[in-house]
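**Q** CSV, C-alpha atoms, file my_file-v4.csv:
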```csv
chain,number,residue,atom,x,y,z
K,8,MET,CA,0.0,0.0,0.0
K,9,PRO,CA,1.5,3.3,-1.0
K,10,ALA,CA,2.1,5.9,1.7
K,11,ALA,CA,-0.3,8.8,1.7
K,12,SER,CA,2.5,11.1,0.4
K,13,SER,CA,3.3,8.9,-2.6
K,14,LEU,CA,2.2,9.9,-6.1
K,15,PRO,CA,-0.9,8.4,-7.7
K,16,PRO,CA,-0.1,6.5,-10.9
K,17,TRP,CA,-1.9,8.9,-13.2
K,18,ARG,CA,0.2,11.9,-12.2
K,19,GLU,CA,3.3,10.8,-14.2
K,20,PRO,CA,1.4,10.5,-17.6
K,21,LEU,CA,-0.3,13.9,-16.9
K,22,VAL,CA,3.0,15.6,-16.0
K,23,ARG,CA,4.5,14.0,-19.2
K,24,ALA,CA,1.6,15.4,-21.3
K,25,LEU,CA,2.2,18.9,-19.7
K,26,HIS,CA,5.9,18.7,-20.6
K,27,ARG,CA,5.4,17.4,-24.2
K,28,ASN,CA,2.8,20.1,-24.9
K,29,ARG,CA,4.6,22.9,-23.1
K,30,SER,CA,5.2,24.9,-26.3
K,31,GLN,CA,1.5,25.7,-26.4
K,32,PRO,CA,0.4,28.1,-23.6
K,33,PHE,CA,-3.1,26.8,-23.8
K,34,ALA,CA,-1.9,23.3,-22.8
K,35,ARG,CA,-2.3,24.6,-19.2
K,36,TYR,CA,-6.0,25.4,-19.7
K,37,PHE,CA,-8.7,22.7,-19.0
K,38,GLN,CA,-12.5,22.6,-18.8
K,39,LEU,CA,-14.1,22.3,-15.4
K,40,ALA,CA,-17.6,21.0,-15.1
K,41,THR,CA,-19.7,21.6,-12.0
K,42,LEU,CA,-23.3,21.6,-11.0
K,43,ARG,CA,-25.6,24.6,-11.0
K,44,PRO,CA,-28.1,24.9,-8.0
K,45,ASP,CA,-30.9,24.4,-10.6
K,46,GLY,CA,-29.5,21.0,-11.4
K,47,ARG,CA,-28.0,21.9,-14.8
K,48,PRO,CA,-24.3,21.3,-15.5
K,49,ALA,CA,-21.9,24.2,-15.9
K,50,ASN,CA,-18.6,24.1,-17.9
K,51,ARG,CA,-15.9,26.6,-18.4
K,52,THR,CA,-12.2,26.9,-19.2
K,53,VAL,CA,-9.8,27.5,-16.3
K,54,VAL,CA,-6.0,27.8,-15.9
K,55,PHE,CA,-4.0,25.1,-14.2
K,56,ARG,CA,-1.9,26.7,-11.5
K,57,GLY,CA,0.1,23.6,-10.5
K,58,PHE,CA,-0.1,20.5,-8.3
K,59,VAL,CA,-0.5,20.9,-4.6
K,60,ASP,CA,-0.6,18.6,-1.6
K,61,PRO,CA,-3.9,19.4,0.2
K,62,ALA,CA,-1.9,19.6,3.4
K,63,ALA,CA,0.0,22.5,1.7
K,64,ALA,CA,-2.8,24.8,2.6
K,65,ARG,CA,-1.0,24.8,5.9
K,66,GLN,CA,2.6,24.0,5.1
K,67,SER,CA,3.2,25.0,1.5
K,68,SER,CA,5.0,21.8,0.7
K,69,GLN,CA,3.8,21.3,-2.9
K,70,ALA,CA,6.4,18.8,-4.1
K,71,HIS,CA,4.3,15.6,-3.9
K,72,GLY,CA,0.7,16.8,-4.2
K,73,HIS,CA,-1.9,15.5,-6.6
K,74,SER,CA,-4.6,18.1,-6.1
K,75,LEU,CA,-4.9,20.6,-9.0
K,76,LYS,CA,-4.7,24.3,-8.0
K,77,LEU,CA,-6.8,27.0,-9.7
K,78,VAL,CA,-7.7,30.6,-8.8
K,79,THR,CA,-11.0,32.3,-9.1
K,80,ASP,CA,-13.0,35.4,-8.2
K,81,ARG,CA,-15.2,34.9,-5.2
K,82,ARG,CA,-18.0,36.7,-7.1
K,83,SER,CA,-18.0,34.1,-9.9
K,84,GLU,CA,-20.7,31.5,-10.1
K,85,LYS,CA,-18.2,28.7,-9.3
K,86,LEU,CA,-18.3,29.5,-5.6
K,87,GLN,CA,-22.1,29.4,-5.5
K,88,GLN,CA,-22.1,26.1,-7.4
K,89,MET,CA,-19.5,24.6,-4.9
K,90,ALA,CA,-21.8,25.5,-2.0
K,91,TYR,CA,-24.5,23.4,-3.7
K,92,SER,CA,-22.2,20.6,-4.7
K,93,ALA,CA,-18.4,20.1,-4.5
K,94,GLN,CA,-18.5,17.5,-7.2
K,95,ALA,CA,-16.6,18.4,-10.4
K,96,GLU,CA,-15.1,16.8,-13.5
K,97,VAL,CA,-12.1,18.1,-15.4
K,98,CYS,CA,-11.7,17.5,-19.1
K,99,TRP,CA,-8.1,18.2,-20.3
K,100,TYR,CA,-7.3,17.7,-24.0
K,101,PHE,CA,-3.7,18.1,-25.1
K,102,THR,CA,-3.8,19.0,-28.8
K,103,LYS,CA,-0.2,18.3,-29.7
K,104,THR,CA,0.0,14.8,-28.3
K,105,ARG,CA,-3.7,14.1,-28.9
K,106,GLU,CA,-4.5,12.8,-25.5
K,107,GLN,CA,-7.3,13.5,-23.1
K,108,PHE,CA,-7.4,13.2,-19.3
K,109,ARG,CA,-10.8,13.2,-17.5
K,110,LEU,CA,-10.6,13.7,-13.8
K,111,GLY,CA,-13.5,13.3,-11.4
K,112,GLY,CA,-13.3,14.6,-7.9
K,113,THR,CA,-14.2,17.4,-5.5
K,114,LEU,CA,-13.4,21.1,-5.2
K,115,CYS,CA,-12.6,23.0,-2.0
K,116,CYS,CA,-11.7,26.6,-1.3
K,117,ILE,CA,-8.6,27.1,0.8
K,118,SER,CA,-8.4,29.5,3.7
K,119,ALA,CA,-7.5,33.1,2.9
K,120,GLN,CA,-5.3,33.0,6.0
K,121,SER,CA,-3.1,30.2,4.6
K,122,THR,CA,0.4,30.7,3.3
K,123,LEU,CA,-0.6,29.0,0.1
K,124,HIS,CA,-3.3,31.6,-0.5
K,125,HIS,CA,-0.8,34.4,-0.2
K,126,GLU,CA,2.0,32.6,-2.2
K,127,THR,CA,-0.5,31.9,-5.0
K,128,TRP,CA,-1.5,35.6,-5.2
K,129,GLN,CA,2.1,36.7,-5.4
K,130,ALA,CA,2.9,34.2,-8.1
K,131,LEU,CA,0.1,35.6,-10.4
K,132,SER,CA,1.0,37.9,-13.3
K,133,GLY,CA,0.1,41.6,-13.0
K,134,ALA,CA,-2.5,41.1,-15.8
K,135,ALA,CA,-4.2,38.4,-13.8
K,136,ARG,CA,-4.1,40.3,-10.5
K,137,VAL,CA,-5.6,43.4,-11.9
K,138,GLN,CA,-8.8,41.6,-12.9
K,139,PHE,CA,-9.8,41.2,-9.3
K,140,SER,CA,-10.3,45.0,-9.2
K,141,TRP,CA,-12.8,44.9,-12.1
K,142,PRO,CA,-16.5,45.2,-11.7
K,143,HIS,CA,-18.7,42.2,-10.7
K,144,PRO,CA,-18.3,39.4,-13.3
K,145,GLY,CA,-21.4,38.5,-15.3
K,146,GLN,CA,-23.3,41.7,-14.4
K,147,ASP,CA,-24.3,44.4,-16.9
K,148,ARG,CA,-21.3,45.9,-18.5
K,149,ALA,CA,-19.8,48.7,-16.5
K,150,PRO,CA,-18.4,51.8,-18.2
K,151,ALA,CA,-14.8,51.6,-19.4
K,152,THR,CA,-13.6,53.9,-16.6
K,153,ALA,CA,-14.5,51.1,-14.1
K,154,PHE,CA,-11.8,48.8,-15.4
K,155,GLN,CA,-8.3,49.4,-14.1
K,156,LEU,CA,-6.1,48.2,-17.0
K,157,SER,CA,-2.5,48.7,-15.9
K,158,PRO,CA,-1.0,45.9,-13.9
K,159,GLU,CA,1.7,48.2,-12.5
K,160,THR,CA,-0.7,50.1,-10.2
K,161,GLU,CA,-1.2,46.9,-8.2
K,162,PRO,CA,2.0,46.3,-6.1
K,163,VAL,CA,3.0,42.6,-5.8
K,164,SER,CA,3.5,43.0,-2.1
K,165,ALA,CA,-0.1,44.1,-1.4
K,166,PRO,CA,-2.2,41.5,0.4
K,167,PRO,CA,-4.6,39.5,-1.8
K,168,PRO,CA,-8.0,41.3,-2.3
K,169,ASP,CA,-11.1,39.9,-0.6
K,170,ASP,CA,-12.4,38.5,-3.9
K,171,PHE,CA,-9.4,36.4,-4.7
K,172,ALA,CA,-9.8,32.7,-4.0
K,173,VAL,CA,-7.7,29.6,-4.4
K,174,LEU,CA,-9.4,26.3,-5.2
K,175,LEU,CA,-8.1,22.8,-5.0
K,176,PHE,CA,-9.5,20.0,-7.1
K,177,THR,CA,-8.8,16.6,-5.7
K,178,PRO,CA,-9.4,13.7,-8.1
K,179,ASP,CA,-10.6,10.2,-7.1
K,180,TRP,CA,-11.1,8.9,-10.7
K,181,VAL,CA,-9.1,9.5,-13.9
K,182,ASP,CA,-9.6,8.4,-17.5
K,183,HIS,CA,-6.6,8.7,-19.9
K,184,LEU,CA,-7.3,8.3,-23.6
K,185,GLU,CA,-4.5,8.4,-26.1
K,186,LEU,CA,-5.8,9.0,-29.6
K,187,ARG,CA,-2.5,8.2,-31.3
K,188,GLY,CA,-2.0,4.5,-31.9
K,189,ASN,CA,-4.4,2.1,-33.6
K,190,PRO,CA,-6.4,1.0,-31.7
K,191,GLN,CA,-6.3,3.9,-29.2
K,192,GLN,CA,-5.0,3.3,-25.7
K,193,ARG,CA,-7.3,4.0,-22.7
K,194,SER,CA,-6.4,3.7,-19.0
K,195,GLN,CA,-8.7,4.2,-16.0
K,196,TYR,CA,-7.5,4.9,-12.4
K,197,GLN,CA,-9.9,4.6,-9.4
K,198,GLN,CA,-9.0,5.5,-5.9
K,199,GLN,CA,-10.0,3.0,-3.3
K,200,GLY,CA,-9.0,4.0,0.2
K,201,ASP,CA,-5.3,5.0,0.1
K,202,GLN,CA,-4.7,3.0,-3.0
K,203,TRP,CA,-5.3,3.6,-6.7
K,204,GLN,CA,-6.5,0.7,-9.0
K,205,MET,CA,-5.5,1.0,-12.6
K,206,ARG,CA,-6.9,-1.0,-15.6
K,207,GLN,CA,-6.8,-0.9,-19.3
K,208,VAL,CA,-10.1,-0.5,-21.0
K,209,ASN,CA,-11.5,-0.4,-24.5
K,210,PRO,CA,-11.4,3.1,-26.1
C,27,MET,CA,-39.9,39.0,-33.4
C,28,PRO,CA,-37.7,36.9,-35.6
C,29,ALA,CA,-39.3,34.0,-37.5
C,30,ALA,CA,-38.6,30.5,-36.1
C,31,SER,CA,-36.3,29.8,-39.0
C,32,SER,CA,-34.0,32.9,-38.5
C,33,LEU,CA,-30.6,32.4,-37.0
C,34,PRO,CA,-30.0,33.2,-33.3
C,35,PRO,CA,-27.6,36.1,-32.8
C,36,TRP,CA,-24.7,34.0,-31.3
C,37,ARG,CA,-24.5,31.8,-34.4
C,38,GLU,CA,-22.6,34.3,-36.5
C,39,PRO,CA,-19.8,34.9,-34.0
C,40,LEU,CA,-19.5,31.1,-33.5
C,41,VAL,CA,-19.3,30.5,-37.3
C,42,ARG,CA,-16.7,33.3,-37.5
C,43,ALA,CA,-14.6,31.6,-34.8
C,44,LEU,CA,-14.8,28.3,-36.6
C,45,HIS,CA,-13.6,30.0,-39.8
C,46,ARG,CA,-10.8,31.9,-38.2
C,47,ASN,CA,-9.5,28.8,-36.4
C,48,ARG,CA,-10.0,26.4,-39.3
C,49,SER,CA,-6.3,25.7,-39.7
C,50,GLN,CA,-6.4,23.8,-36.4
C,51,PRO,CA,-8.3,20.5,-36.8
C,52,PHE,CA,-9.0,20.5,-33.0
C,53,ALA,CA,-10.9,23.8,-33.4
C,54,ARG,CA,-13.9,21.4,-34.1
C,55,TYR,CA,-13.5,19.7,-30.7
C,56,PHE,CA,-15.4,20.9,-27.7
C,57,GLN,CA,-16.1,19.8,-24.2
C,58,LEU,CA,-19.5,18.5,-23.3
C,59,ALA,CA,-20.7,18.4,-19.7
C,60,THR,CA,-23.6,16.2,-18.7
C,61,LEU,CA,-25.0,14.7,-15.4
C,62,ARG,CA,-24.3,11.2,-14.2
C,63,PRO,CA,-27.1,9.3,-12.6
C,64,ASP,CA,-25.3,9.5,-9.3
C,65,GLY,CA,-25.5,13.3,-9.4
C,66,ARG,CA,-21.8,14.0,-10.4
C,67,PRO,CA,-21.0,16.0,-13.5
C,68,ALA,CA,-19.3,14.2,-16.5
C,69,ASN,CA,-17.1,16.0,-19.0
C,70,ARG,CA,-15.5,14.8,-22.3
C,71,THR,CA,-14.2,16.1,-25.6
C,72,VAL,CA,-16.5,15.5,-28.6
C,73,VAL,CA,-16.3,16.4,-32.3
C,74,PHE,CA,-18.6,19.0,-33.8
C,75,ARG,CA,-20.4,17.6,-36.8
C,76,GLY,CA,-22.1,20.7,-38.0
C,77,PHE,CA,-25.2,22.8,-37.4
C,78,VAL,CA,-28.6,21.3,-37.9
C,79,ASP,CA,-32.2,22.5,-37.8
C,80,PRO,CA,-33.9,20.1,-35.4
C,81,ALA,CA,-36.6,19.7,-38.1
C,82,ALA,CA,-33.8,18.3,-40.3
C,83,ALA,CA,-34.2,15.0,-38.5
C,84,ARG,CA,-37.1,14.7,-40.8
C,85,GLN,CA,-36.3,16.9,-43.8
C,86,SER,CA,-32.5,17.1,-44.0
C,87,SER,CA,-32.6,20.9,-44.5
C,88,GLN,CA,-29.5,21.9,-42.5
C,89,ALA,CA,-29.0,25.4,-43.8
C,90,HIS,CA,-30.6,27.4,-41.1
C,91,GLY,CA,-30.2,25.2,-38.0
C,92,HIS,CA,-28.7,26.2,-34.7
C,93,SER,CA,-28.5,22.8,-33.0
C,94,LEU,CA,-25.1,21.3,-32.8
C,95,LYS,CA,-24.7,17.8,-34.2
C,96,LEU,CA,-22.5,15.1,-32.7
C,97,VAL,CA,-22.2,11.4,-33.0
C,98,THR,CA,-21.7,8.8,-30.3
C,99,ASP,CA,-21.7,5.1,-29.6
C,100,ARG,CA,-25.0,3.9,-28.0
C,101,ARG,CA,-22.9,1.9,-25.6
C,102,SER,CA,-21.2,5.0,-24.2
C,103,GLU,CA,-22.2,6.5,-20.9
C,104,LYS,CA,-23.6,9.6,-22.6
C,105,LEU,CA,-26.7,7.8,-23.5
C,106,GLN,CA,-27.3,6.6,-20.0
C,107,GLN,CA,-26.7,10.1,-18.7
C,108,MET,CA,-29.2,11.6,-21.2
C,109,ALA,CA,-31.8,9.2,-19.9
C,110,TYR,CA,-31.3,10.6,-16.5
C,111,SER,CA,-31.1,14.3,-17.6
C,112,ALA,CA,-31.0,15.9,-21.0
C,113,GLN,CA,-29.3,19.0,-19.6
C,114,ALA,CA,-25.8,19.7,-20.9
C,115,GLU,CA,-23.3,22.5,-21.2
C,116,VAL,CA,-20.8,22.9,-24.0
C,117,CYS,CA,-17.5,24.7,-23.4
C,118,TRP,CA,-15.7,25.5,-26.7
C,119,TYR,CA,-12.3,27.3,-26.5
C,120,PHE,CA,-10.7,28.5,-29.7
C,121,THR,CA,-7.0,28.7,-29.1
C,122,LYS,CA,-6.0,30.8,-32.1
C,123,THR,CA,-8.4,33.7,-31.6
C,124,ARG,CA,-8.5,33.1,-27.8
C,125,GLU,CA,-12.2,33.1,-27.3
C,126,GLN,CA,-14.6,30.9,-25.4
C,127,PHE,CA,-18.2,29.9,-26.1
C,128,ARG,CA,-20.3,28.3,-23.3
C,129,LEU,CA,-23.6,27.0,-24.5
C,130,GLY,CA,-26.2,25.6,-22.1
C,131,GLY,CA,-29.1,23.5,-23.5
C,132,THR,CA,-30.5,20.1,-24.0
C,133,LEU,CA,-29.4,16.9,-25.8
C,134,CYS,CA,-31.7,14.6,-27.8
C,135,CYS,CA,-31.0,11.5,-29.8
C,136,ILE,CA,-32.5,11.4,-33.3
C,137,SER,CA,-34.3,8.5,-34.8
C,138,ALA,CA,-32.3,5.8,-36.4
C,139,GLN,CA,-34.9,5.8,-39.2
C,140,SER,CA,-34.3,9.4,-40.1
C,141,THR,CA,-32.6,10.6,-43.3
C,142,LEU,CA,-30.2,12.7,-41.1
C,143,HIS,CA,-29.1,9.6,-39.2
C,144,HIS,CA,-28.1,7.8,-42.5
C,145,GLU,CA,-26.6,10.9,-44.1
C,146,THR,CA,-24.5,11.5,-41.0
C,147,TRP,CA,-23.2,7.9,-41.0
C,148,GLN,CA,-22.2,8.2,-44.7
C,149,ALA,CA,-20.4,11.5,-44.1
C,150,LEU,CA,-18.1,9.9,-41.4
C,151,SER,CA,-14.5,9.0,-42.3
C,152,GLY,CA,-13.7,5.3,-42.6
C,153,ALA,CA,-11.5,5.6,-39.4
C,154,ALA,CA,-14.5,7.0,-37.5
C,155,ARG,CA,-16.9,4.4,-38.8
C,156,VAL,CA,-14.8,1.4,-38.0
C,157,GLN,CA,-14.7,2.3,-34.3
C,158,PHE,CA,-18.4,1.2,-34.0
C,159,SER,CA,-17.3,-2.3,-34.7
C,160,TRP,CA,-14.9,-2.2,-31.7
C,161,PRO,CA,-15.6,-4.0,-28.3
C,162,HIS,CA,-17.7,-2.3,-25.7
C,163,PRO,CA,-16.2,1.1,-24.7
C,164,GLY,CA,-15.0,1.4,-21.1
C,165,GLN,CA,-15.0,-2.4,-20.4
C,166,ASP,CA,-11.9,-4.4,-19.7
C,167,ARG,CA,-9.5,-4.3,-22.6
C,168,ALA,CA,-10.3,-6.8,-25.3
C,169,PRO,CA,-7.4,-8.7,-27.1
C,170,ALA,CA,-6.0,-6.9,-30.1
C,171,THR,CA,-7.7,-9.3,-32.5
C,172,ALA,CA,-11.1,-7.9,-31.4
C,173,PHE,CA,-10.3,-4.5,-33.0
C,174,GLN,CA,-11.0,-4.2,-36.7
C,175,LEU,CA,-8.4,-1.6,-37.8
C,176,SER,CA,-8.8,-1.1,-41.5
C,177,PRO,CA,-11.6,1.4,-42.6
C,178,GLU,CA,-11.7,-0.2,-46.1
C,179,THR,CA,-13.5,-3.3,-44.9
C,180,GLU,CA,-16.6,-1.3,-43.9
C,181,PRO,CA,-18.3,-0.2,-47.2
C,182,VAL,CA,-19.8,3.4,-47.1
C,183,SER,CA,-23.0,2.2,-48.5
C,184,ALA,CA,-23.7,-0.2,-45.6
C,185,PRO,CA,-26.5,0.8,-43.3
C,186,PRO,CA,-25.4,2.4,-40.0
C,187,PRO,CA,-24.7,-0.2,-37.3
C,188,ASP,CA,-27.1,-0.4,-34.3
C,189,ASP,CA,-24.6,1.2,-31.9
C,190,PHE,CA,-24.3,4.4,-34.1
C,191,ALA,CA,-26.3,7.4,-32.7
C,192,VAL,CA,-26.6,11.0,-33.8
C,193,LEU,CA,-27.2,13.6,-31.0
C,194,LEU,CA,-28.5,17.1,-31.3
C,195,PHE,CA,-27.5,19.7,-28.7
C,196,THR,CA,-29.9,22.7,-28.7
C,197,PRO,CA,-28.7,25.7,-26.8
C,198,ASP,CA,-31.0,28.1,-24.9
C,199,TRP,CA,-28.2,30.1,-23.4
C,200,VAL,CA,-24.8,31.2,-24.7
C,201,ASP,CA,-21.8,33.1,-23.1
C,202,HIS,CA,-19.1,34.4,-25.5
C,203,LEU,CA,-15.9,35.6,-23.9
C,204,GLU,CA,-13.1,37.2,-26.0
C,205,LEU,CA,-9.8,37.3,-24.1
C,206,ARG,CA,-8.2,39.5,-26.7
C,207,GLY,CA,-8.8,43.2,-25.9
C,208,ASN,CA,-8.3,45.0,-22.7
C,209,PRO,CA,-10.6,44.8,-20.9
C,210,GLN,CA,-12.0,41.5,-22.4
C,211,GLN,CA,-15.4,41.5,-24.2
C,212,ARG,CA,-18.1,39.2,-22.9
C,213,SER,CA,-21.6,38.8,-24.4
C,214,GLN,CA,-24.5,36.7,-23.1
C,215,TYR,CA,-27.5,35.4,-25.1
C,216,GLN,CA,-30.6,34.1,-23.5
C,217,GLN,CA,-33.5,32.5,-25.4
C,218,GLN,CA,-37.0,33.7,-24.3
C,219,GLY,CA,-39.7,32.1,-26.3
C,220,ASP,CA,-38.9,32.6,-29.9
C,221,GLN,CA,-36.5,35.4,-29.2
C,222,TRP,CA,-33.0,35.8,-28.1
C,223,GLN,CA,-32.0,38.6,-25.7
C,224,MET,CA,-28.4,39.7,-25.9
C,225,ARG,CA,-26.4,41.8,-23.4
C,226,GLN,CA,-22.9,42.9,-22.7
C,227,VAL,CA,-21.6,41.8,-19.3
C,228,ASN,CA,-18.4,42.3,-17.3
C,229,PRO,CA,-15.7,39.6,-18.0
```
Show the structure stored in the file as structure tokens.

**A**
Amino acid sequence: MPAASSLPPWREPLVRALHRNRSQPFARYFQLATLRPDGRPANRTVVFRGFVDPAAARQSSQAHGHSLKLVTDRRSEKLQQMAYSAQAEVCWYFTKTREQFRLGGTLCCISAQSTLHHETWQALSGAARVQFSWPHPGQDRAPATAFQLSPETEPVSAPPPDDFAVLLFTPDWVDHLELRGNPQQRSQYQQQGDQWQMRQVNP
Amino acid sequence: MPAASSLPPWREPLVRALHRNRSQPFARYFQLATLRPDGRPANRTVVFRGFVDPAAARQSSQAHGHSLKLVTDRRSEKLQQMAYSAQAEVCWYFTKTREQFRLGGTLCCISAQSTLHHETWQALSGAARVQFSWPHPGQDRAPATAFQLSPETEPVSAPPPDDFAVLLFTPDWVDHLELRGNPQQRSQYQQQGDQWQMRQVNP
């Protein structure tokens, strides 16, 4: 039985895909499906911000984690949807190597008091940080003067704004499909307790 | 009030995005979120097979449709999930022009007796058609001999196999985000009766 800190078996092929597709900035974007409170699914593109050990929310030791980190605006619908259901499914298609990872699991929002919250804010680009000063997402368009556009006016050392949130997505099920090859290769990984079961399935 | 056959206002920017990104074959792939019977979301990449008028399931007049056509294997989990809930959300990110369309709506499976069903089968590539002769998707990997690999052995004129299905996704809500531009542009379209309401919102 692997120790709790060991890596799940799907992490290595996912890291390899990230490496092989690194020439394309959009290889770090994936689609995140959640549930709306009215029972309909929601689906949007988000930016992968790295792997994190869930314990890192306290200790910032990110080396061996297998949760996926993302950032969001607390005013976005994602937070409302997470309050209704933490269940989510990630679909991540790598265009260069033609492979897809589907990851089912749960979302959580880490404490704004944590070191990881502050470190994640400081690691954002100025262009990403300035968006948290913009008017309420999804509401009627505000006049142009309401949008601060220059990243330079937001000092890196400033504390994260109240609307900044860091989410961790922790998978318990992964499906890896490789379209290259004939027939295609498909592997499924299922967490059972502390262990992961892996099997080859038909594409 | 526009006639029922007129195009919804989001179709023109979507067609423009398809045209501007046409050099990338994966521009015709999008992510489809549905609901699993256990209440968790599902999310996978599918291939866009063109716009269809829902009435085309009878008359094959596809010129003015705004449903999105896809194909699937009846043995896939999508069909089970549609029996539980027809609700779905498409997330379609165009990497070259850096714009995202989110489309919320419902899925339906068209009759295997319809002209559209047969026409769609005949329009598939041989490589796509042969996959319907493969062993049950998602089950334990079958031996290599179970996979027919050569498209040539499947004549185009043959009737569609029983496991071939054509799905129509009909949106009633669309969110179009253009990341180019500062600040970003975001438009939302909501169907109300026979009409579509459009508004500009904050990104």

**Q** Kindly indicate which residue among C:Thr121, C:Val73, C:Asp64, C:Asp99 lies nearest to Phe33 (chain K), using only C-alpha atoms for the distances.

**A**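 Smallest distance to Phe33 (chain K) is found for C:Thr121.
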
**Q** Have a look at C:His162, C:His92, C:Arg128, C:Arg37 and name the one nearest to Glu115 (chain C); count all atoms listed in the file.

**A**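 That would be C:Arg128, the residue with the smallest distance to Glu115 (chain C).
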
**Q** So which one's closest to Asn28 (chain K), K:Arg105, K:His183, K:Arg136, K:His124? Using only C-alpha atoms, please.

**A**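 Residue with the minimum atom-to-atom distance to Asn28 (chain K): K:Arg105.
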
**Q** Listing only residues of chain K within 8 Å of chain C, what is the closest atom pair and its distance in Å (to one decimal) for each, using all atoms listed in the file, sorted by chain and residue number ascending, as CSV?

**A**
```
residue,atom,partner,partner_atom,distance
K:Phe33,CA,C:Thr121,CA,6.8
K:Gln38,CA,C:Gln57,CA,7.1
K:Leu39,CA,C:Asn69,CA,7.9
K:Ala40,CA,C:Ala59,CA,6.1
K:Thr41,CA,C:Pro67,CA,5.9
K:Leu42,CA,C:Pro67,CA,6.5
K:Arg47,CA,C:Gln113,CA,5.8
K:Pro48,CA,C:Ala114,CA,5.8
K:Ala49,CA,C:Glu115,CA,5.7
K:Asn50,CA,C:Cys117,CA,5.6
K:Arg51,CA,C:Cys117,CA,5.6
K:Thr52,CA,C:Cys117,CA,7.1
K:Gln94,CA,C:Arg66,CA,5.8
K:Ala95,CA,C:Pro67,CA,5.9
K:Glu96,CA,C:Ala68,CA,5.8
K:Val97,CA,C:Asn69,CA,6.5
K:Cys98,CA,C:Asn69,CA,5.6
K:Tyr100,CA,C:Thr71,CA,7.3
K:Thr102,CA,C:Phe52,CA,6.9
K:Gln107,CA,C:Thr71,CA,7.8
K:Arg109,CA,C:Arg70,CA,6.9
K:Gly111,CA,C:Ala68,CA,7.8
K:Pro142,CA,C:Asn228,CA,6.6
K:His143,CA,C:Asn228,CA,6.6
K:Pro144,CA,C:Asn228,CA,4.9
K:Gly145,CA,C:Val227,CA,5.2
K:Gln146,CA,C:Val227,CA,5.2
K:Asp147,CA,C:Val227,CA,4.5
K:Arg148,CA,C:Val227,CA,4.2
K:Ala149,CA,C:Asn228,CA,6.6
K:Phe154,CA,C:Pro209,CA,6.9
K:Leu156,CA,C:Pro209,CA,6.9
K:Asn189,CA,C:Leu175,CA,6.9
K:Pro190,CA,C:Phe173,CA,6.9
K:Arg206,CA,C:Asp166,CA,7.3
K:Gln207,CA,C:Arg167,CA,5.5
K:Val208,CA,C:Arg167,CA,4.2
K:Asn209,CA,C:Arg167,CA,4.8
K:Pro210,CA,C:Pro163,CA,5.4
```

**Q** Quick one, how far is CA of Asp170 (chain K) from CA of Phe139 (chain K)?

**A** 6.6 Å

**Q** Missing atoms in region 167-178 of chain C need filling: write out N, CA and C atoms for it as a PDB file, keeping the file's coordinate frame.

**A**
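Everything below was put into part25.pdb:
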```
ATOM      1  N   ARG C 167     -10.080  -4.230 -21.269  1.00  0.00           N
ATOM      2  CA  ARG C 167      -9.500  -4.300 -22.600  1.00  0.00           C
ATOM      3  C   ARG C 167      -9.594  -5.612 -23.266  1.00  0.00           C
ATOM      4  N   ALA C 168     -10.138  -5.602 -24.472  1.00  0.00           N
ATOM      5  CA  ALA C 168     -10.300  -6.800 -25.300  1.00  0.00           C
ATOM      6  C   ALA C 168      -8.925  -7.109 -25.958  1.00  0.00           C
ATOM      7  N   PRO C 169      -8.681  -8.358 -26.362  1.00  0.00           N
ATOM      8  CA  PRO C 169      -7.400  -8.700 -27.100  1.00  0.00           C
ATOM      9  C   PRO C 169      -7.390  -7.899 -28.414  1.00  0.00           C
ATOM     10  N   ALA C 170      -6.170  -7.709 -28.915  1.00  0.00           N
ATOM     11  CA  ALA C 170      -6.000  -6.900 -30.100  1.00  0.00           C
ATOM     12  C   ALA C 170      -6.773  -7.423 -31.304  1.00  0.00           C
ATOM     13  N   THR C 171      -6.984  -8.739 -31.336  1.00  0.00           N
ATOM     14  CA  THR C 171      -7.700  -9.300 -32.500  1.00  0.00           C
ATOM     15  C   THR C 171      -9.173  -8.876 -32.513  1.00  0.00           C
ATOM     16  N   ALA C 172      -9.680  -8.311 -31.399  1.00  0.00           N
ATOM     17  CA  ALA C 172     -11.100  -7.900 -31.400  1.00  0.00           C
ATOM     18  C   ALA C 172     -11.284  -6.531 -32.050  1.00  0.00           C
ATOM     19  N   PHE C 173     -10.182  -5.854 -32.406  1.00  0.00           N
ATOM     20  CA  PHE C 173     -10.300  -4.500 -33.000  1.00  0.00           C
ATOM     21  C   PHE C 173     -10.059  -4.580 -34.496  1.00  0.00           C
ATOM     22  N   GLN C 174     -11.113  -4.340 -35.237  1.00  0.00           N
ATOM     23  CA  GLN C 174     -11.000  -4.200 -36.700  1.00  0.00           C
ATOM     24  C   GLN C 174     -10.306  -2.840 -36.933  1.00  0.00           C
ATOM     25  N   LEU C 175      -9.233  -2.823 -37.689  1.00  0.00           N
ATOM     26  CA  LEU C 175      -8.400  -1.600 -37.800  1.00  0.00           C
ATOM     27  C   LEU C 175      -8.525  -0.931 -39.175  1.00  0.00           C
ATOM     28  N   SER C 176      -8.880  -1.671 -40.198  1.00  0.00           N
ATOM     29  CA  SER C 176      -8.800  -1.100 -41.500  1.00  0.00           C
ATOM     30  C   SER C 176     -10.197  -0.548 -41.941  1.00  0.00           C
ATOM     31  N   PRO C 177     -10.287   0.766 -42.204  1.00  0.00           N
ATOM     32  CA  PRO C 177     -11.600   1.400 -42.600  1.00  0.00           C
ATOM     33  C   PRO C 177     -12.109   0.751 -43.874  1.00  0.00           C
ATOM     34  N   GLU C 178     -11.231   0.226 -44.740  1.00  0.00           N
ATOM     35  CA  GLU C 178     -11.700  -0.200 -46.100  1.00  0.00           C
ATOM     36  C   GLU C 178     -12.644  -1.390 -46.002  1.00  0.00           C
TER      37      GLU C 178
END
```
